[in-house]
Amino acid sequence: MSSSGTDADAQDKPVKIDKWDGTALKNALDDAAKKVMLDKYNMKESHSLMDGRLMICTVAVGFAMFALIWDYLNPFPASRTVLIICVLSYFLLMGVLTLYTTYTEKGIFLVALDKDKAGVDPDDIWTLASVLKKYDDIYMLSLTFEDGKTKKQRTVEKGHSVANYFDEEGSLCVEKFEPFVRLLKDSLNFEKKGN
């Protein structure tokens, strides 16, 4: 059996999780929604949001590495000022990272670009975000559309119980969840055509 056949089998295999683990439930539904947007609608994923987080982390780790090397070359009493500056910078950047994930990412797990077929107009941007509160069974999925030309945004949000999409064994029923995602996208497409 070829390796590509094994990869296809692994992708078609139903996702099975511990249905009492809220994080696993949310991640499984997020992954399924992402798959629908990217595979069914032929969109391209934009990694710009994640790149921002990685940039902040890289700079923070850079300060930590610089402090480590400086302290190795100039043992502690001589490196005191540099260590203080690097440690304070690291913690400041961790604060910036917390603000970034809280106010910029806001639960967003996918930014997808809908390329213009002619390649003339800017890409339309579709953003998926979700919330599943602790000890709650309502999975809220939010889909935002930003028109590439006008930059106008429209958002639709809908919630359902996670019990609607998982069976007794904890397997995700994609055939029940996919129409939910398609309905959200189609409702924004309908508004887009209505304008």
# chains A, B, ... in the order shown; residues from 1 in each chain; ligands from 1
>>> residues_around(residues="region 53-70 of chain A", least_positions_apart="2", cutoff="10 Å", atoms="only C-alpha atoms", output="JSON, numbers by chain")
{"A": [48, 49, 50, 51, 72, 73, 74, 75, 76, 78, 79, 80, 82, 83, 84, 85, 86, 87, 88, 89, 90, 91, 92, 93, 94, 96, 97, 98, 100, 101, 104, 105]}
>>> residues_around(residues="Asp136 (chain A)", least_positions_apart="3", cutoff="9 Å", atoms="only C-alpha atoms", output="ChimeraX atom specification")
/A:22,132-133,139,161
>>> write_last_selection(atoms="all heavy atoms", output="mmCIF file, in the first residue's frame")
data_model
loop_
_atom_site.group_PDB
_atom_site.id
_atom_site.type_symbol
_atom_site.label_atom_id
_atom_site.label_comp_id
_atom_site.auth_asym_id
_atom_site.auth_seq_id
_atom_site.Cartn_x
_atom_site.Cartn_y
_atom_site.Cartn_z
ATOM 1 N N GLY A 22 -13.684 19.456 27.106
ATOM 2 C CA GLY A 22 -14.168 20.612 26.357
ATOM 3 C C GLY A 22 -13.174 21.126 25.337
ATOM 4 O O GLY A 22 -13.550 21.529 24.230
ATOM 5 N N LEU A 132 -16.197 27.964 23.164
ATOM 6 C CA LEU A 132 -16.861 26.902 23.919
ATOM 7 C C LEU A 132 -16.457 27.117 25.368
ATOM 8 O O LEU A 132 -15.343 26.801 25.759
ATOM 9 C CB LEU A 132 -16.448 25.512 23.429
ATOM 10 C CG LEU A 132 -17.102 24.326 24.159
ATOM 11 C CD1 LEU A 132 -18.612 24.334 23.971
ATOM 12 C CD2 LEU A 132 -16.529 23.009 23.666
ATOM 13 N N LYS A 133 -17.374 27.710 26.137
ATOM 14 C CA LYS A 133 -17.054 28.044 27.519
ATOM 15 C C LYS A 133 -16.930 26.783 28.361
ATOM 16 O O LYS A 133 -17.533 25.752 28.064
ATOM 17 C CB LYS A 133 -18.123 28.965 28.099
ATOM 18 C CG LYS A 133 -18.153 30.315 27.435
ATOM 19 C CD LYS A 133 -19.207 31.201 28.025
ATOM 20 C CE LYS A 133 -19.219 32.543 27.297
ATOM 21 N NZ LYS A 133 -20.358 33.354 27.656
ATOM 22 N N TYR A 139 -21.459 25.363 21.494
ATOM 23 C CA TYR A 139 -20.325 25.737 20.647
ATOM 24 C C TYR A 139 -20.777 26.894 19.766
ATOM 25 O O TYR A 139 -21.696 26.750 18.956
ATOM 26 C CB TYR A 139 -19.908 24.534 19.797
ATOM 27 C CG TYR A 139 -18.835 24.815 18.778
ATOM 28 C CD1 TYR A 139 -17.502 24.912 19.153
ATOM 29 C CD2 TYR A 139 -19.148 24.951 17.422
ATOM 30 C CE1 TYR A 139 -16.509 25.155 18.210
ATOM 31 C CE2 TYR A 139 -18.164 25.184 16.485
ATOM 32 C CZ TYR A 139 -16.848 25.289 16.891
ATOM 33 O OH TYR A 139 -15.864 25.523 15.954
ATOM 34 N N SER A 161 -25.497 22.924 20.514
ATOM 35 C CA SER A 161 -24.921 22.011 21.496
ATOM 36 C C SER A 161 -23.938 21.075 20.803
ATOM 37 O O SER A 161 -24.204 20.602 19.684
ATOM 38 C CB SER A 161 -26.026 21.198 22.172
ATOM 39 O OG SER A 161 -25.453 20.195 22.978
#
>>> residues_around(residues="Asn42 (chain A)", least_positions_apart="2", cutoff="12 Å", atoms="only C-alpha atoms", output="mmCIF file with N, CA, C and O atoms, in the first residue's frame")
data_model
loop_
_atom_site.group_PDB
_atom_site.id
_atom_site.type_symbol
_atom_site.label_atom_id
_atom_site.label_comp_id
_atom_site.auth_asym_id
_atom_site.auth_seq_id
_atom_site.Cartn_x
_atom_site.Cartn_y
_atom_site.Cartn_z
ATOM 1 N N LYS A 34 -12.595 24.310 9.694
ATOM 2 C CA LYS A 34 -11.460 24.748 8.872
ATOM 3 C C LYS A 34 -11.376 23.914 7.601
ATOM 4 O O LYS A 34 -11.179 24.445 6.506
ATOM 5 N N LYS A 35 -11.556 22.620 7.739
ATOM 6 C CA LYS A 35 -11.491 21.706 6.594
ATOM 7 C C LYS A 35 -12.591 22.024 5.574
ATOM 8 O O LYS A 35 -12.352 22.023 4.376
ATOM 9 N N VAL A 36 -13.787 22.332 6.061
ATOM 10 C CA VAL A 36 -14.889 22.678 5.163
ATOM 11 C C VAL A 36 -14.546 23.928 4.372
ATOM 12 O O VAL A 36 -14.687 23.968 3.140
ATOM 13 N N MET A 37 -14.070 24.968 5.051
ATOM 14 C CA MET A 37 -13.766 26.232 4.370
ATOM 15 C C MET A 37 -12.632 26.076 3.357
ATOM 16 O O MET A 37 -12.708 26.625 2.255
ATOM 17 N N LEU A 38 -11.599 25.337 3.715
ATOM 18 C CA LEU A 38 -10.432 25.225 2.835
ATOM 19 C C LEU A 38 -10.656 24.219 1.705
ATOM 20 O O LEU A 38 -10.278 24.480 0.559
ATOM 21 N N ASP A 39 -11.259 23.077 2.023
ATOM 22 C CA ASP A 39 -11.405 22.025 1.020
ATOM 23 C C ASP A 39 -12.640 22.195 0.142
ATOM 24 O O ASP A 39 -12.564 22.062 -1.075
ATOM 25 N N LYS A 40 -13.775 22.481 0.744
ATOM 26 C CA LYS A 40 -15.026 22.543 -0.013
ATOM 27 C C LYS A 40 -15.149 23.829 -0.822
ATOM 28 O O LYS A 40 -15.808 23.855 -1.843
ATOM 29 N N LYS A 44 -7.596 29.607 0.376
ATOM 30 C CA LYS A 44 -6.211 29.480 0.836
ATOM 31 C C LYS A 44 -6.102 30.067 2.233
ATOM 32 O O LYS A 44 -6.626 31.148 2.504
ATOM 33 N N GLU A 45 -5.402 29.357 3.105
ATOM 34 C CA GLU A 45 -5.245 29.820 4.478
ATOM 35 C C GLU A 45 -4.182 30.915 4.557
ATOM 36 O O GLU A 45 -3.108 30.797 3.984
ATOM 37 N N ALA A 112 -9.080 32.766 6.005
ATOM 38 C CA ALA A 112 -9.008 32.166 4.672
ATOM 39 C C ALA A 112 -9.183 33.240 3.612
ATOM 40 O O ALA A 112 -9.990 34.163 3.772
ATOM 41 N N LEU A 113 -8.413 33.106 2.557
ATOM 42 C CA LEU A 113 -8.469 34.064 1.451
ATOM 43 C C LEU A 113 -9.214 33.433 0.281
ATOM 44 O O LEU A 113 -8.876 32.335 -0.162
ATOM 45 N N ASP A 114 -10.234 34.143 -0.188
ATOM 46 C CA ASP A 114 -10.981 33.720 -1.368
ATOM 47 C C ASP A 114 -10.422 34.529 -2.533
ATOM 48 O O ASP A 114 -10.710 35.710 -2.686
ATOM 49 N N LYS A 115 -9.579 33.870 -3.313
ATOM 50 C CA LYS A 115 -8.873 34.545 -4.401
ATOM 51 C C LYS A 115 -9.837 34.960 -5.513
ATOM 52 O O LYS A 115 -10.764 34.221 -5.856
ATOM 53 N N ASP A 116 -9.609 36.147 -6.055
ATOM 54 C CA ASP A 116 -10.375 36.623 -7.202
ATOM 55 C C ASP A 116 -10.010 35.754 -8.398
ATOM 56 O O ASP A 116 -8.831 35.541 -8.688
ATOM 57 N N LYS A 117 -11.032 35.250 -9.105
ATOM 58 C CA LYS A 117 -10.788 34.330 -10.225
ATOM 59 C C LYS A 117 -9.958 34.998 -11.333
ATOM 60 O O LYS A 117 -9.093 34.374 -11.932
#
>>> residues_around(residues="Asp30 (chain A)", least_positions_apart="3", cutoff="8 Å", atoms="only C-alpha atoms", output="VMD selection string")
chain A and resid 26 to 27 33 to 34 109 130
>>> select_by_dssp(residues="region 4-81 of chain A", states="helix (DSSP H, G or I)", output="PDB file with C-alpha atoms, in the first residue's frame")
ATOM      1  CA  SER A   4      -0.463   8.521  -0.149  1.00  0.00           C
ATOM      2  CA  GLY A   5      -3.227   5.934   0.322  1.00  0.00           C
ATOM      3  CA  THR A   6      -2.423   5.780   4.020  1.00  0.00           C
ATOM      4  CA  ASP A   7      -2.606   9.581   4.303  1.00  0.00           C
ATOM      5  CA  ALA A   8      -6.012   9.616   2.614  1.00  0.00           C
ATOM      6  CA  ASP A   9      -7.250   6.879   4.970  1.00  0.00           C
ATOM      7  CA  ALA A  10      -6.023   8.857   7.984  1.00  0.00           C
ATOM      8  CA  GLN A  11      -7.872  11.977   6.791  1.00  0.00           C
ATOM      9  CA  ASP A  12     -11.111  10.063   6.129  1.00  0.00           C
ATOM     10  CA  GLY A  22     -14.168  20.612  26.357  1.00  0.00           C
ATOM     11  CA  THR A  23     -10.860  21.591  24.760  1.00  0.00           C
ATOM     12  CA  ALA A  24     -10.801  18.426  22.633  1.00  0.00           C
ATOM     13  CA  LEU A  25     -14.423  19.039  21.582  1.00  0.00           C
ATOM     14  CA  LYS A  26     -13.670  22.609  20.536  1.00  0.00           C
ATOM     15  CA  ASN A  27     -10.474  21.654  18.685  1.00  0.00           C
ATOM     16  CA  ALA A  28     -12.217  18.843  16.785  1.00  0.00           C
ATOM     17  CA  LEU A  29     -15.044  21.157  15.706  1.00  0.00           C
ATOM     18  CA  ASP A  30     -12.585  23.942  14.800  1.00  0.00           C
ATOM     19  CA  ASP A  31     -10.569  21.533  12.645  1.00  0.00           C
ATOM     20  CA  ALA A  32     -13.723  20.285  10.912  1.00  0.00           C
ATOM     21  CA  ALA A  33     -14.918  23.846  10.188  1.00  0.00           C
ATOM     22  CA  LYS A  34     -11.460  24.748   8.872  1.00  0.00           C
ATOM     23  CA  LYS A  35     -11.491  21.706   6.594  1.00  0.00           C
ATOM     24  CA  VAL A  36     -14.889  22.678   5.163  1.00  0.00           C
ATOM     25  CA  MET A  37     -13.766  26.232   4.370  1.00  0.00           C
ATOM     26  CA  LEU A  38     -10.432  25.225   2.835  1.00  0.00           C
ATOM     27  CA  ASP A  39     -11.405  22.025   1.020  1.00  0.00           C
ATOM     28  CA  LYS A  40     -15.026  22.543  -0.013  1.00  0.00           C
ATOM     29  CA  SER A  48      -0.629  36.349   9.100  1.00  0.00           C
ATOM     30  CA  LEU A  49      -2.363  36.168  12.496  1.00  0.00           C
ATOM     31  CA  MET A  50      -0.175  33.276  13.626  1.00  0.00           C
ATOM     32  CA  ASP A  51       2.903  34.989  12.183  1.00  0.00           C
ATOM     33  CA  GLY A  52       2.273  37.946  14.496  1.00  0.00           C
ATOM     34  CA  ARG A  53       2.240  35.649  17.506  1.00  0.00           C
ATOM     35  CA  LEU A  54       5.376  33.875  16.324  1.00  0.00           C
ATOM     36  CA  MET A  55       7.163  37.207  15.811  1.00  0.00           C
ATOM     37  CA  ILE A  56       6.418  38.303  19.384  1.00  0.00           C
ATOM     38  CA  CYS A  57       7.582  34.925  20.727  1.00  0.00           C
ATOM     39  CA  THR A  58      10.735  34.980  18.601  1.00  0.00           C
ATOM     40  CA  VAL A  59      11.755  38.405  19.896  1.00  0.00           C
ATOM     41  CA  ALA A  60      11.062  37.305  23.495  1.00  0.00           C
ATOM     42  CA  VAL A  61      13.140  34.146  23.083  1.00  0.00           C
ATOM     43  CA  GLY A  62      15.847  36.261  21.420  1.00  0.00           C
ATOM     44  CA  PHE A  63      16.089  38.385  24.596  1.00  0.00           C
ATOM     45  CA  ALA A  64      16.296  35.219  26.704  1.00  0.00           C
ATOM     46  CA  MET A  65      19.010  33.707  24.487  1.00  0.00           C
ATOM     47  CA  PHE A  66      20.994  36.953  24.478  1.00  0.00           C
ATOM     48  CA  ALA A  67      20.840  37.067  28.293  1.00  0.00           C
ATOM     49  CA  LEU A  68      22.033  33.452  28.490  1.00  0.00           C
ATOM     50  CA  ILE A  69      24.965  34.035  26.142  1.00  0.00           C
ATOM     51  CA  TRP A  70      25.909  37.364  27.762  1.00  0.00           C
ATOM     52  CA  ASP A  71      25.876  35.772  31.209  1.00  0.00           C
ATOM     53  CA  TYR A  72      28.041  32.906  29.951  1.00  0.00           C
ATOM     54  CA  LEU A  73      30.618  35.319  28.489  1.00  0.00           C
ATOM     55  CA  PHE A  76      26.882  37.283  36.965  1.00  0.00           C
ATOM     56  CA  PRO A  77      28.112  40.353  38.726  1.00  0.00           C
ATOM     57  CA  ALA A  78      29.306  41.864  35.440  1.00  0.00           C
ATOM     58  CA  SER A  79      26.137  40.882  33.535  1.00  0.00           C
ATOM     59  CA  ARG A  80      23.640  42.167  36.081  1.00  0.00           C
ATOM     60  CA  THR A  81      22.380  45.178  34.061  1.00  0.00           C
TER      61      THR A  81
END
>>> select_by_dssp(residues="region 38-130 of chain A", states="strand (DSSP E or B)", output="JSON, numbers by chain")
{"A": [44, 45, 108, 109, 110, 111, 112, 113, 114, 124, 125, 126, 127, 128, 129, 130]}
>>> atom_distance(atom1="CA of Ala163 (chain A)", atom2="CA of Asp137 (chain A)")
7.4 Å
>>> closest_residue(among="A:Lys151, A:Gly107, A:Val156, A:Leu143", to="Asp121 (chain A)", atoms="only C-alpha atoms")
A:Lys151
>>> closest_residue(among="A:Ile125, A:Ile17, A:Leu183, A:Ile108", to="Tyr165 (chain A)", atoms="only C-alpha atoms")
A:Ile17
>>> atom_distance(atom1="CA of Trp126 (chain A)", atom2="CA of Leu141 (chain A)")
12.8 Å
>>> closest_residue(among="A:Pro179, A:Thr127, A:Lys19, A:Thr102", to="Thr144 (chain A)", atoms="only C-alpha atoms")
A:Thr127
>>> residues_around(residues="Cys173 (chain A)", least_positions_apart="6", cutoff="9 Å", atoms="only C-alpha atoms", output="PyMOL selection string")
chain A and resi 14-15+164-167
